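Structure file final-v5.cif (mmCIF, C-alpha atoms and all ligand atoms) follows.
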```cif
data_input
loop_
_atom_site.group_PDB
_atom_site.id
_atom_site.type_symbol
_atom_site.label_atom_id
_atom_site.label_comp_id
_atom_site.auth_asym_id
_atom_site.auth_seq_id
_atom_site.Cartn_x
_atom_site.Cartn_y
_atom_site.Cartn_z
ATOM 1 C CA MET A 1066 12.420 11.784 18.048
ATOM 2 C CA ARG A 1067 14.731 12.894 15.228
ATOM 3 C CA VAL A 1068 13.622 14.418 11.913
ATOM 4 C CA PHE A 1069 15.905 14.493 8.855
ATOM 5 C CA ASP A 1070 15.184 16.009 5.477
ATOM 6 C CA GLN A 1071 18.559 15.150 3.966
ATOM 7 C CA LYS A 1072 19.965 11.709 3.178
ATOM 8 C CA LYS A 1073 23.422 12.598 4.478
ATOM 9 C CA GLY A 1074 22.254 13.396 8.016
ATOM 10 C CA LEU A 1075 20.006 10.332 8.131
ATOM 11 C CA ILE A 1076 22.732 7.988 6.883
ATOM 12 C CA SER A 1077 25.296 9.199 9.406
ATOM 13 C CA PHE A 1078 22.767 8.973 12.267
ATOM 14 C CA LEU A 1079 21.885 5.395 11.246
ATOM 15 C CA SER A 1080 25.542 4.390 10.963
ATOM 16 C CA VAL A 1081 25.986 5.305 14.627
ATOM 17 C CA CYS A 1082 22.913 3.172 15.507
ATOM 18 C CA ARG A 1083 24.336 0.269 13.520
ATOM 19 C CA ALA A 1084 27.746 0.595 15.201
ATOM 20 C CA GLU A 1085 25.887 0.174 18.506
ATOM 21 C CA ASN A 1086 24.315 -3.037 17.133
ATOM 22 C CA GLN A 1087 20.863 -1.496 16.957
ATOM 23 C CA THR A 1088 18.462 -2.974 14.438
ATOM 24 C CA ILE A 1089 16.626 -0.692 12.020
ATOM 25 C CA GLY A 1090 13.082 -0.922 10.669
ATOM 26 C CA LEU A 1091 11.714 1.144 7.786
ATOM 27 C CA VAL A 1092 8.092 2.173 7.289
ATOM 28 C CA PRO A 1093 7.735 4.031 3.974
ATOM 29 C CA THR A 1094 4.664 6.295 3.820
ATOM 30 C CA MET A 1095 3.249 9.156 1.810
ATOM 31 C CA GLY A 1096 2.083 10.889 4.987
ATOM 32 C CA ALA A 1097 -1.463 11.845 6.034
ATOM 33 C CA LEU A 1098 -0.883 9.217 8.669
ATOM 34 C CA HIS A 1099 -3.765 7.230 10.148
ATOM 35 C CA GLN A 1100 -4.155 4.249 12.480
ATOM 36 C CA GLY A 1101 -3.196 1.896 9.631
ATOM 37 C CA HIS A 1102 0.248 3.523 9.371
ATOM 38 C CA LEU A 1103 0.580 3.638 13.161
ATOM 39 C CA SER A 1104 -0.042 -0.077 13.332
ATOM 40 C CA LEU A 1105 2.853 -0.640 10.862
ATOM 41 C CA VAL A 1106 5.031 1.666 12.966
ATOM 42 C CA LYS A 1107 4.116 -0.168 16.200
ATOM 43 C CA THR A 1108 4.833 -3.561 14.625
ATOM 44 C CA ALA A 1109 8.185 -2.211 13.433
ATOM 45 C CA LEU A 1110 8.975 -0.791 16.903
ATOM 46 C CA GLY A 1111 8.269 -4.215 18.403
ATOM 47 C CA GLN A 1112 10.850 -5.844 16.115
ATOM 48 C CA ASN A 1113 13.591 -3.197 15.815
ATOM 49 C CA ASP A 1114 15.515 -0.773 18.036
ATOM 50 C CA VAL A 1115 15.065 2.192 15.710
ATOM 51 C CA VAL A 1116 12.270 2.798 13.195
ATOM 52 C CA VAL A 1117 12.621 5.154 10.251
ATOM 53 C CA VAL A 1118 9.281 6.484 9.004
ATOM 54 C CA SER A 1119 9.658 8.163 5.628
ATOM 55 C CA ILE A 1120 7.056 10.741 4.614
ATOM 56 C CA PHE A 1121 7.222 11.512 0.929
ATOM 57 C CA VAL A 1122 4.438 11.938 -1.633
ATOM 58 C CA ASN A 1123 6.135 10.251 -4.560
ATOM 59 C CA PRO A 1124 5.273 12.015 -7.851
ATOM 60 C CA THR A 1125 6.453 9.186 -10.133
ATOM 61 C CA GLN A 1126 3.769 6.758 -8.935
ATOM 62 C CA PHE A 1127 0.833 9.034 -9.819
ATOM 63 C CA ASP A 1128 -0.580 8.680 -13.318
ATOM 64 C CA LYS A 1129 -2.961 11.626 -12.854
ATOM 65 C CA LYS A 1130 -1.697 15.125 -12.026
ATOM 66 C CA ASP A 1131 -4.978 15.892 -10.292
ATOM 67 C CA ASP A 1132 -4.655 12.860 -7.985
ATOM 68 C CA LEU A 1133 -1.117 13.938 -7.025
ATOM 69 C CA GLU A 1134 -2.232 17.503 -6.316
ATOM 70 C CA LYS A 1135 -5.208 16.390 -4.234
ATOM 71 C CA TYR A 1136 -3.265 13.791 -2.239
ATOM 72 C CA PRO A 1137 -3.663 14.877 1.436
ATOM 73 C CA ARG A 1138 -0.590 16.410 3.044
ATOM 74 C CA ASN A 1139 -0.447 16.972 6.843
ATOM 75 C CA MET A 1140 3.258 17.079 7.667
ATOM 76 C CA ASP A 1141 2.995 18.911 11.016
ATOM 77 C CA ALA A 1142 0.166 16.671 12.242
ATOM 78 C CA ASP A 1143 2.093 13.579 11.046
ATOM 79 C CA ILE A 1144 5.216 14.573 12.945
ATOM 80 C CA SER A 1145 3.348 15.301 16.177
ATOM 81 C CA LEU A 1146 1.468 12.016 15.871
ATOM 82 C CA LEU A 1147 4.729 10.063 15.528
ATOM 83 C CA ASN A 1148 6.277 12.073 18.349
ATOM 84 C CA GLU A 1149 3.601 10.717 20.686
ATOM 85 C CA VAL A 1150 4.300 7.117 19.689
ATOM 86 C CA SER A 1151 7.986 6.675 20.547
ATOM 87 C CA GLU A 1152 11.275 8.484 20.841
ATOM 88 C CA ASN A 1153 12.870 5.644 18.879
ATOM 89 C CA ILE A 1154 11.263 6.898 15.668
ATOM 90 C CA VAL A 1155 13.341 8.729 13.087
ATOM 91 C CA VAL A 1156 11.309 10.682 10.546
ATOM 92 C CA PHE A 1157 12.700 11.164 7.058
ATOM 93 C CA THR A 1158 11.032 13.930 5.007
ATOM 94 C CA PRO A 1159 13.103 14.421 1.845
ATOM 95 C CA THR A 1160 12.202 16.827 -0.952
ATOM 96 C CA GLU A 1161 11.740 15.432 -4.468
ATOM 97 C CA SER A 1162 15.171 16.499 -5.680
ATOM 98 C CA GLU A 1163 16.875 15.281 -2.490
ATOM 99 C CA ILE A 1164 15.600 11.703 -2.710
ATOM 100 C CA TYR A 1165 15.820 11.515 -6.514
ATOM 101 C CA ASP A 1166 19.178 13.299 -6.736
ATOM 102 C CA GLY A 1167 17.555 15.875 -8.997
ATOM 103 C CA LYS A 1168 16.423 13.303 -11.629
ATOM 104 C CA ILE A 1169 12.732 12.699 -10.942
ATOM 105 C CA VAL A 1170 12.030 9.710 -13.218
ATOM 106 C CA SER A 1171 11.091 6.065 -12.718
ATOM 107 C CA GLU A 1172 13.239 3.103 -13.530
ATOM 108 C CA SER A 1173 11.622 0.512 -15.858
ATOM 109 C CA TYR A 1174 11.283 -2.801 -14.068
ATOM 110 C CA GLU A 1175 10.443 -6.260 -15.346
ATOM 111 C CA PHE A 1176 8.008 -7.520 -12.723
ATOM 112 C CA GLY A 1177 7.138 -10.689 -14.627
ATOM 113 C CA GLY A 1178 3.496 -9.749 -15.217
ATOM 114 C CA LEU A 1179 2.671 -8.825 -11.584
ATOM 115 C CA ASP A 1180 2.319 -5.219 -12.748
ATOM 116 C CA LYS A 1181 0.097 -5.904 -15.752
ATOM 117 C CA VAL A 1182 -3.162 -6.594 -13.913
ATOM 118 C CA MET A 1183 -5.514 -4.631 -11.657
ATOM 119 C CA GLU A 1184 -3.743 -1.460 -10.409
ATOM 120 C CA GLY A 1185 -1.131 -1.805 -13.165
ATOM 121 C CA LYS A 1186 -3.803 -1.978 -15.843
ATOM 122 C CA PHE A 1187 -5.641 1.088 -14.573
ATOM 123 C CA ARG A 1188 -2.678 3.206 -13.422
ATOM 124 C CA GLU A 1189 -0.069 3.510 -16.152
ATOM 125 C CA GLY A 1190 3.524 3.480 -14.827
ATOM 126 C CA HIS A 1191 2.337 3.302 -11.215
ATOM 127 C CA PHE A 1192 4.428 0.304 -10.169
ATOM 128 C CA ASP A 1193 7.613 1.527 -11.851
ATOM 129 C CA GLY A 1194 7.198 4.647 -9.694
ATOM 130 C CA VAL A 1195 6.579 2.605 -6.543
ATOM 131 C CA GLY A 1196 9.522 0.282 -7.299
ATOM 132 C CA THR A 1197 11.827 3.248 -7.903
ATOM 133 C CA ILE A 1198 11.009 5.105 -4.691
ATOM 134 C CA VAL A 1199 10.994 2.002 -2.509
ATOM 135 C CA GLU A 1200 14.351 0.899 -3.927
ATOM 136 C CA LEU A 1201 15.781 4.390 -3.259
ATOM 137 C CA LEU A 1202 14.445 4.373 0.311
ATOM 138 C CA LEU A 1203 15.675 0.844 1.007
ATOM 139 C CA ARG A 1204 19.157 1.634 -0.322
ATOM 140 C CA THR A 1205 19.291 4.899 1.662
ATOM 141 C CA VAL A 1206 18.155 3.416 4.978
ATOM 142 C CA SER A 1207 19.546 -0.165 4.618
ATOM 143 C CA PRO A 1208 17.026 -1.452 7.151
ATOM 144 C CA ASP A 1209 16.965 -4.917 8.671
ATOM 145 C CA ARG A 1210 13.241 -5.021 7.905
ATOM 146 C CA ALA A 1211 10.774 -2.929 5.906
ATOM 147 C CA TYR A 1212 7.000 -2.909 6.537
ATOM 148 C CA PHE A 1213 4.160 -2.679 4.003
ATOM 149 C CA GLY A 1214 0.404 -2.912 4.482
ATOM 150 C CA GLU A 1215 -1.632 -5.619 2.776
ATOM 151 C CA LYS A 1216 -4.245 -3.091 1.666
ATOM 152 C CA ASP A 1217 -1.873 -2.532 -1.247
ATOM 153 C CA PHE A 1218 -1.390 -6.260 -1.713
ATOM 154 C CA GLN A 1219 -0.279 -6.015 -5.335
ATOM 155 C CA GLN A 1220 2.257 -3.360 -4.334
ATOM 156 C CA LEU A 1221 3.538 -5.689 -1.614
ATOM 157 C CA GLN A 1222 4.071 -8.559 -4.095
ATOM 158 C CA ILE A 1223 5.813 -6.192 -6.501
ATOM 159 C CA ILE A 1224 8.124 -4.857 -3.803
ATOM 160 C CA LYS A 1225 9.030 -8.436 -2.788
ATOM 161 C CA LYS A 1226 9.786 -9.202 -6.444
ATOM 162 C CA MET A 1227 11.882 -6.033 -6.845
ATOM 163 C CA ALA A 1228 13.896 -6.818 -3.685
ATOM 164 C CA GLN A 1229 14.503 -10.349 -4.955
ATOM 165 C CA MET A 1230 15.515 -9.213 -8.486
ATOM 166 C CA LYS A 1231 17.876 -6.579 -7.115
ATOM 167 C CA ASN A 1232 19.284 -8.893 -4.430
ATOM 168 C CA LEU A 1233 18.358 -6.427 -1.710
ATOM 169 C CA PRO A 1234 19.069 -8.128 1.628
ATOM 170 C CA TYR A 1235 16.220 -6.480 3.545
ATOM 171 C CA GLU A 1236 13.344 -8.473 4.970
ATOM 172 C CA ILE A 1237 9.987 -7.340 3.565
ATOM 173 C CA ILE A 1238 7.280 -7.720 6.215
ATOM 174 C CA PRO A 1239 3.575 -7.724 5.265
ATOM 175 C CA CYS A 1240 1.127 -6.220 7.787
ATOM 176 C CA SER A 1241 -2.590 -6.949 7.822
ATOM 177 C CA ILE A 1242 -5.221 -4.374 6.815
ATOM 178 C CA GLU A 1243 -6.534 -1.994 9.475
ATOM 179 C CA ARG A 1244 -10.191 -1.046 9.101
ATOM 180 C CA GLU A 1245 -12.437 1.777 10.284
ATOM 181 C CA SER A 1246 -15.132 0.629 12.734
ATOM 182 C CA HIS A 1247 -17.675 0.034 9.950
ATOM 183 C CA GLY A 1248 -15.169 -1.961 7.835
ATOM 184 C CA LEU A 1249 -13.740 0.494 5.299
ATOM 185 C CA ALA A 1250 -10.013 -0.216 4.819
ATOM 186 C CA MET A 1251 -7.988 2.634 6.313
ATOM 187 C CA SER A 1252 -6.426 4.889 3.714
ATOM 188 C CA SER A 1253 -5.163 8.470 3.592
ATOM 189 C CA ARG A 1254 -7.619 8.982 0.735
ATOM 190 C CA ASN A 1255 -10.591 8.369 3.077
ATOM 191 C CA GLU A 1256 -10.029 11.917 4.363
ATOM 192 C CA ARG A 1257 -11.288 13.213 1.043
ATOM 193 C CA LEU A 1258 -14.712 11.565 1.474
ATOM 194 C CA SER A 1259 -17.762 13.216 2.988
ATOM 195 C CA GLU A 1260 -18.922 11.668 6.262
ATOM 196 C CA LYS A 1261 -21.970 10.166 4.529
ATOM 197 C CA VAL A 1262 -20.036 8.477 1.714
ATOM 198 C CA ARG A 1263 -17.263 7.377 4.090
ATOM 199 C CA ASN A 1264 -19.914 5.383 5.976
ATOM 200 C CA GLU A 1265 -21.512 4.190 2.754
ATOM 201 C CA ALA A 1266 -18.086 2.928 1.555
ATOM 202 C CA SER A 1267 -18.211 0.144 4.161
ATOM 203 C CA PHE A 1268 -20.306 -1.507 1.424
ATOM 204 C CA ILE A 1269 -16.984 -2.385 -0.289
ATOM 205 C CA TYR A 1270 -15.814 -4.577 2.593
ATOM 206 C CA LYS A 1271 -19.294 -6.021 3.163
ATOM 207 C CA THR A 1272 -19.408 -7.032 -0.501
ATOM 208 C CA LEU A 1273 -15.980 -8.680 -0.211
ATOM 209 C CA LEU A 1274 -17.179 -10.623 2.847
ATOM 210 C CA THR A 1275 -20.234 -11.895 0.973
ATOM 211 C CA ALA A 1276 -18.066 -12.778 -2.054
ATOM 212 C CA LYS A 1277 -15.895 -14.789 0.343
ATOM 213 C CA SER A 1278 -18.932 -16.659 1.660
ATOM 214 C CA LYS A 1279 -19.836 -17.579 -1.935
ATOM 215 C CA PHE A 1280 -16.286 -18.719 -2.815
ATOM 216 C CA GLY A 1281 -16.121 -22.486 -3.190
ATOM 217 C CA ILE A 1282 -19.910 -22.676 -3.582
ATOM 218 C CA GLU A 1283 -20.523 -20.510 -6.647
ATOM 219 C CA SER A 1284 -18.365 -20.151 -9.782
ATOM 220 C CA THR A 1285 -15.913 -17.243 -10.130
ATOM 221 C CA ILE A 1286 -17.961 -15.837 -13.023
ATOM 222 C CA TYR A 1287 -21.109 -15.965 -10.927
ATOM 223 C CA ILE A 1288 -19.403 -14.182 -8.003
ATOM 224 C CA SER A 1289 -17.944 -11.482 -10.279
ATOM 225 C CA GLU A 1290 -21.315 -10.862 -11.905
ATOM 226 C CA TRP A 1291 -22.975 -10.747 -8.500
ATOM 227 C CA VAL A 1292 -20.453 -8.131 -7.267
ATOM 228 C CA LYS A 1293 -20.997 -6.047 -10.422
ATOM 229 C CA SER A 1294 -24.756 -6.154 -9.945
ATOM 230 C CA GLN A 1295 -24.426 -5.010 -6.310
ATOM 231 C CA PHE A 1296 -22.448 -1.927 -7.372
ATOM 232 C CA GLU A 1297 -24.830 -1.172 -10.240
ATOM 233 C CA LYS A 1298 -27.537 -0.778 -7.610
ATOM 234 C CA ASN A 1299 -25.383 1.543 -5.496
ATOM 235 C CA GLU A 1300 -25.597 5.209 -6.442
ATOM 236 C CA GLN A 1301 -22.577 6.433 -4.472
ATOM 237 C CA LEU A 1302 -19.983 3.841 -5.445
ATOM 238 C CA GLU A 1303 -18.704 3.004 -8.908
ATOM 239 C CA LEU A 1304 -16.899 -0.295 -9.417
ATOM 240 C CA GLU A 1305 -13.674 -0.145 -11.427
ATOM 241 C CA TYR A 1306 -12.663 -3.791 -11.107
ATOM 242 C CA PHE A 1307 -13.301 -6.919 -9.076
ATOM 243 C CA GLU A 1308 -10.912 -9.843 -9.532
ATOM 244 C CA ILE A 1309 -10.231 -13.156 -7.862
ATOM 245 C CA MET A 1310 -6.536 -13.936 -8.171
ATOM 246 C CA GLU A 1311 -4.041 -16.506 -6.990
ATOM 247 C CA GLU A 1312 -2.153 -14.657 -4.276
ATOM 248 C CA GLU A 1313 1.495 -15.236 -5.175
ATOM 249 C CA THR A 1314 1.401 -14.887 -8.949
ATOM 250 C CA LEU A 1315 -1.581 -12.517 -9.196
ATOM 251 C CA THR A 1316 -2.985 -14.590 -12.025
ATOM 252 C CA PRO A 1317 -6.758 -14.977 -12.372
ATOM 253 C CA ILE A 1318 -8.179 -18.109 -10.832
ATOM 254 C CA SER A 1319 -9.027 -20.745 -13.452
ATOM 255 C CA LYS A 1320 -9.633 -23.985 -11.616
ATOM 256 C CA ARG A 1321 -9.463 -23.808 -7.840
ATOM 257 C CA GLN A 1322 -6.487 -25.779 -6.467
ATOM 258 C CA GLN A 1323 -6.409 -26.924 -2.846
ATOM 259 C CA ASN A 1324 -2.780 -25.901 -2.202
ATOM 260 C CA LYS A 1325 -3.177 -22.345 -3.548
ATOM 261 C CA LYS A 1326 -4.335 -19.219 -1.780
ATOM 262 C CA TYR A 1327 -6.843 -16.944 -3.466
ATOM 263 C CA ARG A 1328 -7.753 -13.352 -2.800
ATOM 264 C CA ALA A 1329 -10.494 -11.024 -4.028
ATOM 265 C CA PHE A 1330 -9.353 -7.554 -5.132
ATOM 266 C CA ILE A 1331 -11.525 -4.524 -5.699
ATOM 267 C CA ALA A 1332 -11.205 -0.883 -6.789
ATOM 268 C CA VAL A 1333 -14.080 1.543 -6.446
ATOM 269 C CA TYR A 1334 -14.645 5.264 -7.033
ATOM 270 C CA ALA A 1335 -16.540 7.263 -4.408
ATOM 271 C CA GLU A 1336 -16.949 11.037 -4.843
ATOM 272 C CA GLY A 1337 -14.091 10.919 -7.351
ATOM 273 C CA VAL A 1338 -11.789 9.223 -4.808
ATOM 274 C CA ARG A 1339 -10.306 5.867 -5.744
ATOM 275 C CA LEU A 1340 -10.527 3.234 -2.998
ATOM 276 C CA ILE A 1341 -8.999 -0.252 -3.072
ATOM 277 C CA ASP A 1342 -9.396 -3.262 -0.819
ATOM 278 C CA ASN A 1343 -8.807 -7.002 -0.832
ATOM 279 C CA LEU A 1344 -9.661 -10.097 1.170
ATOM 280 C CA ARG A 1345 -8.181 -13.598 1.438
ATOM 281 C CA LEU A 1346 -10.831 -16.087 0.310
ATOM 282 C CA ASN A 1347 -9.496 -19.436 1.553
HETATM 283 O O1 LIG B 1401 1.911 2.630 -0.020
HETATM 284 C C1 LIG B 1401 2.365 3.793 -0.082
HETATM 285 O O2 LIG B 1401 2.012 4.681 0.697
HETATM 286 C C2 LIG B 1401 3.372 4.139 -1.159
HETATM 287 O O3 LIG B 1401 3.077 3.480 -2.347
HETATM 288 C C3 LIG B 1401 4.834 3.884 -0.738
HETATM 289 C C4 LIG B 1401 5.103 2.421 -0.478
HETATM 290 C C5 LIG B 1401 5.138 4.691 0.511
HETATM 291 C C6 LIG B 1401 5.778 4.344 -1.844
HETATM 292 O O4 LIG B 1401 5.617 5.699 -2.134
#
```

What would you get if you wrote out this structure as structure tokens?
Ligand code: PAF
Amino acid sequence: MRVFDQKKGLISFLSVCRAENQTIGLVPTMGALHQGHLSLVKTALGQNDVVVVSIFVNPTQFDKKDDLEKYPRNMDADISLLNEVSENIVVFTPTESEIYDGKIVSESYEFGGLDKVMEGKFREGHFDGVGTIVELLLRTVSPDRAYFGEKDFQQLQIIKKMAQMKNLPYEIIPCSIERESHGLAMSSRNERLSEKVRNEASFIYKTLLTAKSKFGIESTIYISEWVKSQFEKNEQLELEYFEIMEEETLTPISKRQQNKKYRAFIAVYAEGVRLIDNLRLN
């Protein structure tokens, strides 16, 4: 397994791979790797000869300094974990000034409203930061395919939009959510939870499953109110939002249409840690 912390070395290594007709996959991460990331990496290894895993905690996508500082960082553990998976992995661990060429700011994108709801509403500038870093990584690596988890479904739609607007010729591949045994969506942030609350947080997924069972039977307003009332009764978990949206446009459902796909989205605070999840409803 190769590890690069500079773009130059990575680019010249990948140009040799490309000259040998090897295909390249990219899995962008912020480290603190868990089974969810490994499942993206394994999918990418199944579809490409070489897989670049970037590990970079991107400052421009954090709206709160405290959240950035507390974001878990386990670089040595991450590298040994990847080392066990395959020798065809290339790890890219740039510093802030290396990847941003010294200018650590976000570009302002026009995402056509995809960034104005849910995460975008509660995390100022978040998606401009995500768009900026993902565009930089895609342009640096020039992969055949890049892999993103559906836990961050809004992020996935925004990245697809950015790639389309910028005419980036890389295939964006969505990967389904990996869950802990009790149902909590895997996330690096779960590490910050106590054992007790980590178990309790399975309530988020259970609530989504019940909301799904009510979809098509009860009204959207009824389901939203029901979800709110469930969290009001829960002392450990504080609901930030629950939304039912049309999947492609991320617009709130008005009247259910047969040919559209709908998804429930949720954000919850547990012990000061922000957790998100989502579930396809139909
Ligand atoms: O999903 C993440 O971990 C990050 O938002 C990403 C895509 C690696 C960009 O920093």

Distance query Val1292 in chain A at most 9 Å, all atoms listed in the file, self and fewer than 2 positions along chain excluded, as a ChimeraX atom specification: /A:1272-1273,1276,1287-1290,1294-1297,1304,1307

Given the file shown, enumerate the residues that the PyMOL selection byres (((not hetatm)) within 8 of (chain B and resi 1401)) captures and present them as a PyMOL selection string. chain A and resi 1092-1096+1119-1123+1126+1194-1196+1198-1199+1213-1214+1217+1220

How would the residues just chosen look if you wrote them out with C-alpha atoms as an mmCIF file, in the frame of the given file?
```cif
data_model
loop_
_atom_site.group_PDB
_atom_site.id
_atom_site.type_symbol
_atom_site.label_atom_id
_atom_site.label_comp_id
_atom_site.auth_asym_id
_atom_site.auth_seq_id
_atom_site.Cartn_x
_atom_site.Cartn_y
_atom_site.Cartn_z
ATOM 1 C CA VAL A 1092 8.092 2.173 7.289
ATOM 2 C CA PRO A 1093 7.735 4.031 3.974
ATOM 3 C CA THR A 1094 4.664 6.295 3.820
ATOM 4 C CA MET A 1095 3.249 9.156 1.810
ATOM 5 C CA GLY A 1096 2.083 10.889 4.987
ATOM 6 C CA SER A 1119 9.658 8.163 5.628
ATOM 7 C CA ILE A 1120 7.056 10.741 4.614
ATOM 8 C CA PHE A 1121 7.222 11.512 0.929
ATOM 9 C CA VAL A 1122 4.438 11.938 -1.633
ATOM 10 C CA ASN A 1123 6.135 10.251 -4.560
ATOM 11 C CA GLN A 1126 3.769 6.758 -8.935
ATOM 12 C CA GLY A 1194 7.198 4.647 -9.694
ATOM 13 C CA VAL A 1195 6.579 2.605 -6.543
ATOM 14 C CA GLY A 1196 9.522 0.282 -7.299
ATOM 15 C CA ILE A 1198 11.009 5.105 -4.691
ATOM 16 C CA VAL A 1199 10.994 2.002 -2.509
ATOM 17 C CA PHE A 1213 4.160 -2.679 4.003
ATOM 18 C CA GLY A 1214 0.404 -2.912 4.482
ATOM 19 C CA ASP A 1217 -1.873 -2.532 -1.247
ATOM 20 C CA GLN A 1220 2.257 -3.360 -4.334
#
```

For a quick check of understanding, using all atoms listed in the file, which of A:Leu1098, A:Leu1346, A:Ala1329, A:Ile1154 has the smallest distance to Gly1111 in chain A?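 Of A:Leu1098, A:Leu1346, A:Ala1329, A:Ile1154, the one nearest Gly1111 in chain A is A:Ile1154, counting all atoms listed in the file.
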
In file coordinates, which residues lie within 8 Å of (15.7, -6.5, 15.7) using all atoms listed in the file, given as a VMD selection string? chain A and resid 1087 to 1090 1112 to 1114 1209

Could you write out that same residue set with C-alpha atoms as an mmCIF file, in the coordinates of the input?
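Below you can see again.cif, which holds the result:
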```cif
data_model
loop_
_atom_site.group_PDB
_atom_site.id
_atom_site.type_symbol
_atom_site.label_atom_id
_atom_site.label_comp_id
_atom_site.auth_asym_id
_atom_site.auth_seq_id
_atom_site.Cartn_x
_atom_site.Cartn_y
_atom_site.Cartn_z
ATOM 1 C CA GLN A 1087 20.863 -1.496 16.957
ATOM 2 C CA THR A 1088 18.462 -2.974 14.438
ATOM 3 C CA ILE A 1089 16.626 -0.692 12.020
ATOM 4 C CA GLY A 1090 13.082 -0.922 10.669
ATOM 5 C CA GLN A 1112 10.850 -5.844 16.115
ATOM 6 C CA ASN A 1113 13.591 -3.197 15.815
ATOM 7 C CA ASP A 1114 15.515 -0.773 18.036
ATOM 8 C CA ASP A 1209 16.965 -4.917 8.671
#
```

The PyMOL selection byres (((chain A and resi 1318-1321) around 12) and not hetatm) - which residues does that actually catch in the file I just gave you? List them as a PyMOL selection string. chain A and resi 1280-1286+1289+1308-1317+1322-1329+1346-1347

Interatomic distance, CA of Lys1226 in chain A to CA of Pro1124 in chain A (Å, one decimal): 21.7 Å
